[in-house]
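Beneath this line is the structure, given in structure tokens, with notes to follow.
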Amino acid sequence: MLRKSMHDGLWKQNPGVIQLLGLCPTLAVTTTVVNGVSLGIATMLVMVASNGSIAPIRKWIPEEIRVPIFILVVAALVTIIDLSIHAFAEPLYRALGIFIPLIVTNCIVLARVESFASKNPTLPSLYDGFFMGLGLCIVLALLGGMRELLGKGSLFSGMDLIFGESWKVLSIEFFDSSHGFLLALLPPGAFLGLALLIALTNFFNQTKQ
Amino acid sequence: MGKFLNKYSIVGQSILVMSIFGGIFAFLLAIFFEFSNPVILKSEAQAKQRLLLQVIGEKKYDNDLDTDFINISPNTYLKSKKDTKAYIARYQNTIQAIIIESRAPDGYSGDIILLVGISPDGKIIGSRVVKHQETPGLGDYIDIAKSDWILMFQGLNLKDKSSSMWAVKKDRGDFDYMAGATITARAAIKAVHNALLFFNENKAQLGID
């Protein structure tokens with residue numbers, strides 16, 4: 001059960017490169033590793049919480065109005081996470097801004113609630129939320145890394161803003177940002193980068209067969 | 001007839017279930033808001049305090065900035081919609097710096113709010129962007145957290161720089177900008193310039209002769 005959730009979330013059903021759900025933040029914020037990872041973590045928290053709170057009450061939710069109820073639950077959870085980030089992680093709140101509330105409309109959250117948590121017991125749903133979230137987080141980090149490296153010539157810049165001063169050592173600068181490939185930072189760069197990641201995934205899947 | 005009633009009971013049931021869920025989550029959110037709001041207000045006040053300290057740089061002061069301010073009614077220079085506060089830093093009762101809040105309504109997305117610290121002789125001591133929603137990784141270089149761009153206003157005044165020079169180099173002005181995010185720089189430069197113009201015309205109101 002745990003292994004299956006893990007395999008599905010991280011590879012076979014990966015939300016970022018296979019299911020292609022939740023692309024809005026994937027493409028919008030992944031200009032650096034830090035932005036990608038932090039939005040990934042926030043989304044993961046929401047997914048664990050929403051899956052974990054829908055699964056135990058799934059039998060009391062009438063079939064006909066399940067979607068509005070799911071949205072209500074997800075919106076409430078996102079608001080709670082938004083408030084907590086604002087209160088306890090001010091720099092992270094500044095970095096992500098509008099994209100935290102926008103997690104409400106991230107398809108992947110509702111998709112997992114609808115297709116998994118509303119049909120499965122609590123524990124597997126928690127696993128599912130966690131690994132789907134982690135799978136998305138990894139894709140966001142990879143995409144952020146590609147774009148940051150090409151566009152700014154650095155990796156892990158700004159880690160200290162979120163995780164504290166001691167993380168500053170991780171930041172690597174390969175070349176000056178004024179020589180960066182601007183396209184990588186612009187929205188088309190996000191689409192191209194994601195396309196490369198998808199192509200790579202398909203390549204691995206085909207050679208495996 | 002039975003079928004008819006049945007249909008209505010589904011509607012009634014849906015309304016009931018929706019209201020219960022709405023009620024529960026509204027209650028949860030209200031509790032969480034009560035709990036997190038003081039923390040949010042505190043962390044915002046701290047962030048503001050840190051910014052105020054940054055825009056007055058090395059200047060010494062011994063008054064309480066929280067209580068020593070002048071309310072400035074909405075005006076065309078600062079583009080303010082509501083009353084804004086001009087904070088006054090004093091040392092042994094002589095004014096060291098006036099901190100003015102200036103708004104740039106013409107950024108790339110939404111308003112940019114800046115704080116500009118000005119010494120009594122009309123020099124910029126420091127300037128910072130307090131709030132903005134510019135594109136992450138592109139227009140956000142005006143934020144001190146992302147780049148040193150905003151520091152180039154330090155030490156400037158109206159005498160040494162004529163009005164036409166308060167523009168980006170692309171517009172034959174004097175200021176650097178990041179390619180691909182000119183609009184952001186234009187807006188911020190204008191807002192800083194406006195703060196100086198406002199200071200120059202309202203010295204009496206600010207308590208400087």
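If you're wondering about the labels, chains in the structure tokens are A, B, ... by order shown, residues count from 1 in each chain, ligands from 1 in order shown.
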What are the nearest atom pairs, with distances in Å to one decimal, for all residues of chain B that come at most 10 Å from chain A, using only C-alpha atoms, set out by chain and rising residue number as a tab-separated table?
residue	atom	partner	partner_atom	distance
B:Ile10	CA	A:Glu64	CA	9.0
B:Val11	CA	A:Glu64	CA	9.9
B:Gln13	CA	A:Pro62	CA	8.8
B:Ser14	CA	A:Ile65	CA	6.7
B:Ile15	CA	A:Ile65	CA	9.3
B:Val17	CA	A:Ile61	CA	7.8
B:Met18	CA	A:Ile69	CA	6.8
B:Ser19	CA	A:Ile69	CA	10.0
B:Phe21	CA	A:Ile69	CA	7.2
B:Gly22	CA	A:Leu72	CA	7.3
B:Ile24	CA	A:Val73	CA	9.9
B:Phe25	CA	A:Ala76	CA	6.4
B:Ala26	CA	A:Ala76	CA	7.8
B:Leu28	CA	A:Ala76	CA	8.3
B:Leu29	CA	A:Ala76	CA	6.7
B:Ala30	CA	A:Ile80	CA	9.9
B:Phe32	CA	A:Ile80	CA	6.9
B:Phe33	CA	A:Leu83	CA	7.4
B:Phe35	CA	A:Ser84	CA	9.8
B:Ser36	CA	A:Ala87	CA	6.3
B:Asn37	CA	A:Ala87	CA	7.5
B:Pro38	CA	A:Ala87	CA	8.4
B:Val39	CA	A:Ala87	CA	5.3
B:Ile40	CA	A:Ala87	CA	4.3
B:Leu41	CA	A:Ala87	CA	8.0
B:Lys42	CA	A:Ala87	CA	8.4
B:Ser43	CA	A:Ala87	CA	6.7
B:Glu44	CA	A:Glu90	CA	8.0
B:Ala47	CA	A:Glu90	CA	8.5
B:Lys131	CA	A:Arg94	CA	8.8
B:His132	CA	A:Arg94	CA	9.2
B:Gln133	CA	A:Gly97	CA	7.5
B:Thr135	CA	A:Val29	CA	8.8
B:Pro136	CA	A:Val29	CA	6.8
B:Gly137	CA	A:Thr31	CA	5.8
B:Leu138	CA	A:Leu185	CA	7.2
B:Asp140	CA	A:Ala95	CA	9.6
B:Ala145	CA	A:Leu161	CA	8.0
B:Lys146	CA	A:Gly158	CA	7.9
B:Met178	CA	A:Ser178	CA	8.4
B:Ala179	CA	A:Leu182	CA	8.5
B:Gly180	CA	A:Leu182	CA	7.9
Given the selection you just returned, output its residues as a file containing C-alpha atoms, formatted as an mmCIF file, in the first residue's frame.
data_model
loop_
_atom_site.group_PDB
_atom_site.id
_atom_site.type_symbol
_atom_site.label_atom_id
_atom_site.label_comp_id
_atom_site.auth_asym_id
_atom_site.auth_seq_id
_atom_site.Cartn_x
_atom_site.Cartn_y
_atom_site.Cartn_z
ATOM 1 C CA ILE B 10 -32.934 15.857 -1.983
ATOM 2 C CA VAL B 11 -32.712 19.606 -2.374
ATOM 3 C CA GLN B 13 -30.964 17.454 2.325
ATOM 4 C CA SER B 14 -28.278 19.018 0.138
ATOM 5 C CA ILE B 15 -28.943 22.435 1.614
ATOM 6 C CA VAL B 17 -25.503 19.092 4.516
ATOM 7 C CA MET B 18 -23.897 22.052 2.724
ATOM 8 C CA SER B 19 -24.888 24.384 5.575
ATOM 9 C CA PHE B 21 -20.196 21.743 6.395
ATOM 10 C CA GLY B 22 -20.141 25.497 5.748
ATOM 11 C CA ILE B 24 -18.214 23.797 10.695
ATOM 12 C CA PHE B 25 -15.486 25.157 8.454
ATOM 13 C CA ALA B 26 -16.456 28.789 8.946
ATOM 14 C CA LEU B 28 -12.809 26.454 12.308
ATOM 15 C CA LEU B 29 -11.513 29.322 10.190
ATOM 16 C CA ALA B 30 -12.798 31.911 12.649
ATOM 17 C CA PHE B 32 -7.810 29.836 13.513
ATOM 18 C CA PHE B 33 -7.979 33.469 12.426
ATOM 19 C CA PHE B 35 -5.354 32.555 16.957
ATOM 20 C CA SER B 36 -3.067 33.545 14.078
ATOM 21 C CA ASN B 37 -4.028 37.196 13.605
ATOM 22 C CA PRO B 38 -2.028 38.612 16.546
ATOM 23 C CA VAL B 39 1.035 36.701 15.321
ATOM 24 C CA ILE B 40 0.535 38.014 11.786
ATOM 25 C CA LEU B 41 0.119 41.599 12.995
ATOM 26 C CA LYS B 42 3.219 41.249 15.135
ATOM 27 C CA SER B 43 5.355 39.825 12.352
ATOM 28 C CA GLU B 44 4.123 42.541 9.972
ATOM 29 C CA ALA B 47 8.935 43.644 9.258
ATOM 30 C CA LYS B 131 5.065 45.698 -0.976
ATOM 31 C CA HIS B 132 4.843 44.556 -4.572
ATOM 32 C CA GLN B 133 3.431 41.792 -6.732
ATOM 33 C CA THR B 135 6.715 38.773 -11.441
ATOM 34 C CA PRO B 136 8.878 36.484 -9.298
ATOM 35 C CA GLY B 137 12.333 36.123 -10.784
ATOM 36 C CA LEU B 138 11.792 38.970 -13.218
ATOM 37 C CA ASP B 140 11.094 41.472 -8.231
ATOM 38 C CA ALA B 145 15.818 40.554 -0.821
ATOM 39 C CA LYS B 146 16.447 39.822 -4.495
ATOM 40 C CA MET B 178 16.751 44.629 -15.821
ATOM 41 C CA ALA B 179 15.991 43.745 -19.439
ATOM 42 C CA GLY B 180 12.481 42.324 -19.702
#
Please identify every residue of stretch 11-121 of chain A that has at least one atom no farther than 12 Å from an atom of stretch 188-203 of chain A, counting only C-alpha atoms, and for each give the shortest atom pair and the distance in Å to one decimal, arranged by chain then increasing number, as a tab-separated table.
residue	atom	partner	partner_atom	distance
A:Trp11	CA	A:Thr201	CA	8.7
A:Lys12	CA	A:Thr201	CA	9.7
A:Gln13	CA	A:Thr201	CA	11.3
A:Asn14	CA	A:Thr201	CA	9.9
A:Pro15	CA	A:Ile198	CA	11.2
A:Gly16	CA	A:Leu194	CA	8.5
A:Val17	CA	A:Ile198	CA	5.2
A:Ile18	CA	A:Ile198	CA	7.3
A:Gln19	CA	A:Ile198	CA	10.5
A:Leu20	CA	A:Ile198	CA	9.3
A:Leu23	CA	A:Leu194	CA	9.5
A:Cys24	CA	A:Ala190	CA	10.4
A:Pro25	CA	A:Ala190	CA	10.5
A:Thr26	CA	A:Ala190	CA	8.2
A:Leu27	CA	A:Ala190	CA	5.2
A:Ala28	CA	A:Ala190	CA	7.5
A:Val29	CA	A:Ala190	CA	9.2
A:Thr30	CA	A:Ala190	CA	7.5
A:Thr31	CA	A:Ala190	CA	8.1
A:Thr32	CA	A:Ala190	CA	11.2
A:Gly36	CA	A:Ala190	CA	11.8
(message) Can you measure atom CA of A:Asp128 to atom CA of A:Leu142 for me? One decimal in Å is fine.
(response)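 According to the coordinates, atom CA of A:Asp128 and atom CA of A:Leu142 are separated by 21.1 Å.
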Applying 12 Å and only C-alpha atoms, which residues near B:Asn200 remain after dropping the ones on its own chain fewer than 3 positions away? List them as a PDB file with C-alpha atoms, in the first residue's frame.
ATOM      1  CA  TYR B  77       2.789  63.018  -5.701  1.00  0.00           C
ATOM      2  CA  ILE B  98      11.653  61.896   7.293  1.00  0.00           C
ATOM      3  CA  ILE B 100       7.752  58.962   3.298  1.00  0.00           C
ATOM      4  CA  ILE B 118      15.017  61.665   3.278  1.00  0.00           C
ATOM      5  CA  SER B 119      17.372  63.821   5.331  1.00  0.00           C
ATOM      6  CA  PRO B 120      16.352  67.420   6.191  1.00  0.00           C
ATOM      7  CA  ASP B 121      18.643  68.738   3.434  1.00  0.00           C
ATOM      8  CA  GLY B 122      16.731  66.742   0.837  1.00  0.00           C
ATOM      9  CA  LYS B 123      19.037  63.772   0.269  1.00  0.00           C
ATOM     10  CA  ILE B 124      17.788  60.218   0.022  1.00  0.00           C
ATOM     11  CA  ASN B 157      18.804  64.693  -4.376  1.00  0.00           C
ATOM     12  CA  LEU B 158      16.801  66.966  -6.659  1.00  0.00           C
ATOM     13  CA  LYS B 159      19.576  69.534  -7.104  1.00  0.00           C
ATOM     14  CA  HIS B 193      11.369  60.827  -7.525  1.00  0.00           C
ATOM     15  CA  ASN B 194       7.824  61.728  -6.486  1.00  0.00           C
ATOM     16  CA  ALA B 195       8.690  61.229  -2.842  1.00  0.00           C
ATOM     17  CA  LEU B 196      11.503  63.783  -3.243  1.00  0.00           C
ATOM     18  CA  LEU B 197       9.226  66.223  -5.066  1.00  0.00           C
ATOM     19  CA  LYS B 203       8.742  71.078   3.913  1.00  0.00           C
ATOM     20  CA  ALA B 204       6.623  73.273   6.159  1.00  0.00           C
ATOM     21  CA  GLN B 205       4.086  70.543   6.810  1.00  0.00           C
ATOM     22  CA  LEU B 206       6.871  68.097   7.587  1.00  0.00           C
ATOM     23  CA  GLY B 207       8.352  70.507  10.123  1.00  0.00           C
ATOM     24  CA  ILE B 208      11.445  71.503   8.178  1.00  0.00           C
ATOM     25  CA  ASP B 209      12.150  75.171   7.521  1.00  0.00           C
TER      26      ASP B 209
END
Using backbone DSSP assignments, extract all strand (DSSP E) residues from stretch 127-169 of chain B; output them as a compact mmCIF listing (two decimals) with C-alpha atoms, in the first residue's frame.
# COMPACT_ATOMS: atom_id res chain seq x y z
CA SER B 127 14.71 53.53 -0.03
CA ARG B 128 13.01 50.15 0.08
CA VAL B 129 10.12 48.43 -1.62
CA VAL B 130 7.69 47.42 1.10
CA LYS B 131 5.06 45.70 -0.98
(message) as a ChimeraX atom specification, please: the residues near B:Lys59 (cut-off 10 Å, only C-alpha atoms, same-chain neighbours under 6 positions excluded).
(response) /B:53,89-91,96-97,119,125
I want to know what sits within 12 Å of B:Pro74, based on only C-alpha atoms, with residues of the same chain fewer than 6 positions away left out; could you give that as a CSV table (one decimal) with C-alpha atoms, in the first residue's frame?
chain,number,residue,atom,x,y,z
B,80,SER,CA,-1.9,57.7,-2.1
B,81,LYS,CA,-5.6,56.8,-1.8
B,82,LYS,CA,-5.8,56.9,2.0
B,83,ASP,CA,-3.9,58.9,4.6
B,84,THR,CA,-0.3,57.8,4.8
B,85,LYS,CA,2.2,58.2,7.6
B,101,GLU,CA,5.6,56.3,1.8
B,102,SER,CA,5.2,56.5,-1.9
B,103,ARG,CA,3.0,54.4,-4.2
B,198,PHE,CA,6.6,65.9,-2.3
(request) With a distance cut-off of 7 Å and only C-alpha atoms, select the neighbouring residues of stretch 100-103 of chain A, excluding the residue or stretch itself and same-chain residues fewer than 5 positions from it, and output the selection as a ChimeraX atom specification. (result) /A:43,78-79,82
(message) as an MDAnalysis selection string, please: every residue in stretch 14-115 of chain B that a backbone DSSP assignment puts in helix (DSSP H, G or I).
(response) chainID B and resid 14:55
(request) Would you list the contacts of A:Pro121 as a list in words, taking every protein, DNA or RNA residue within 7 Å and counting only C-alpha atoms, but skipping same-chain residues closer than 4 positions in sequence? (result) Ala55, Pro56 and Ser125 of chain A
File of the preceding selection, C-alpha atoms, as a short mmCIF file (atom, residue, chain, number, x, y, z; two decimals), in the first residue's frame:
data_model
loop_
_atom_site.label_atom_id
_atom_site.label_comp_id
_atom_site.auth_asym_id
_atom_site.auth_seq_id
_atom_site.Cartn_x
_atom_site.Cartn_y
_atom_site.Cartn_z
CA ALA A 55 -11.34 10.21 3.71
CA PRO A 56 -12.72 9.78 7.27
CA SER A 125 -5.37 8.54 1.53
#
(message) Using only C-alpha atoms for the distances, tell me which of B:Leu114, B:Thr76, B:Glu34, B:Ser162 is nearest to B:Leu52.
(response)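 Between B:Leu114, B:Thr76, B:Glu34, B:Ser162, the residue approaching B:Leu52 most closely is B:Leu114.
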(request) For atom CA of A:Met44 and atom CA of A:Ser5, determine how far apart the two atoms are, in Å to one decimal place. (result) 14.1 Å
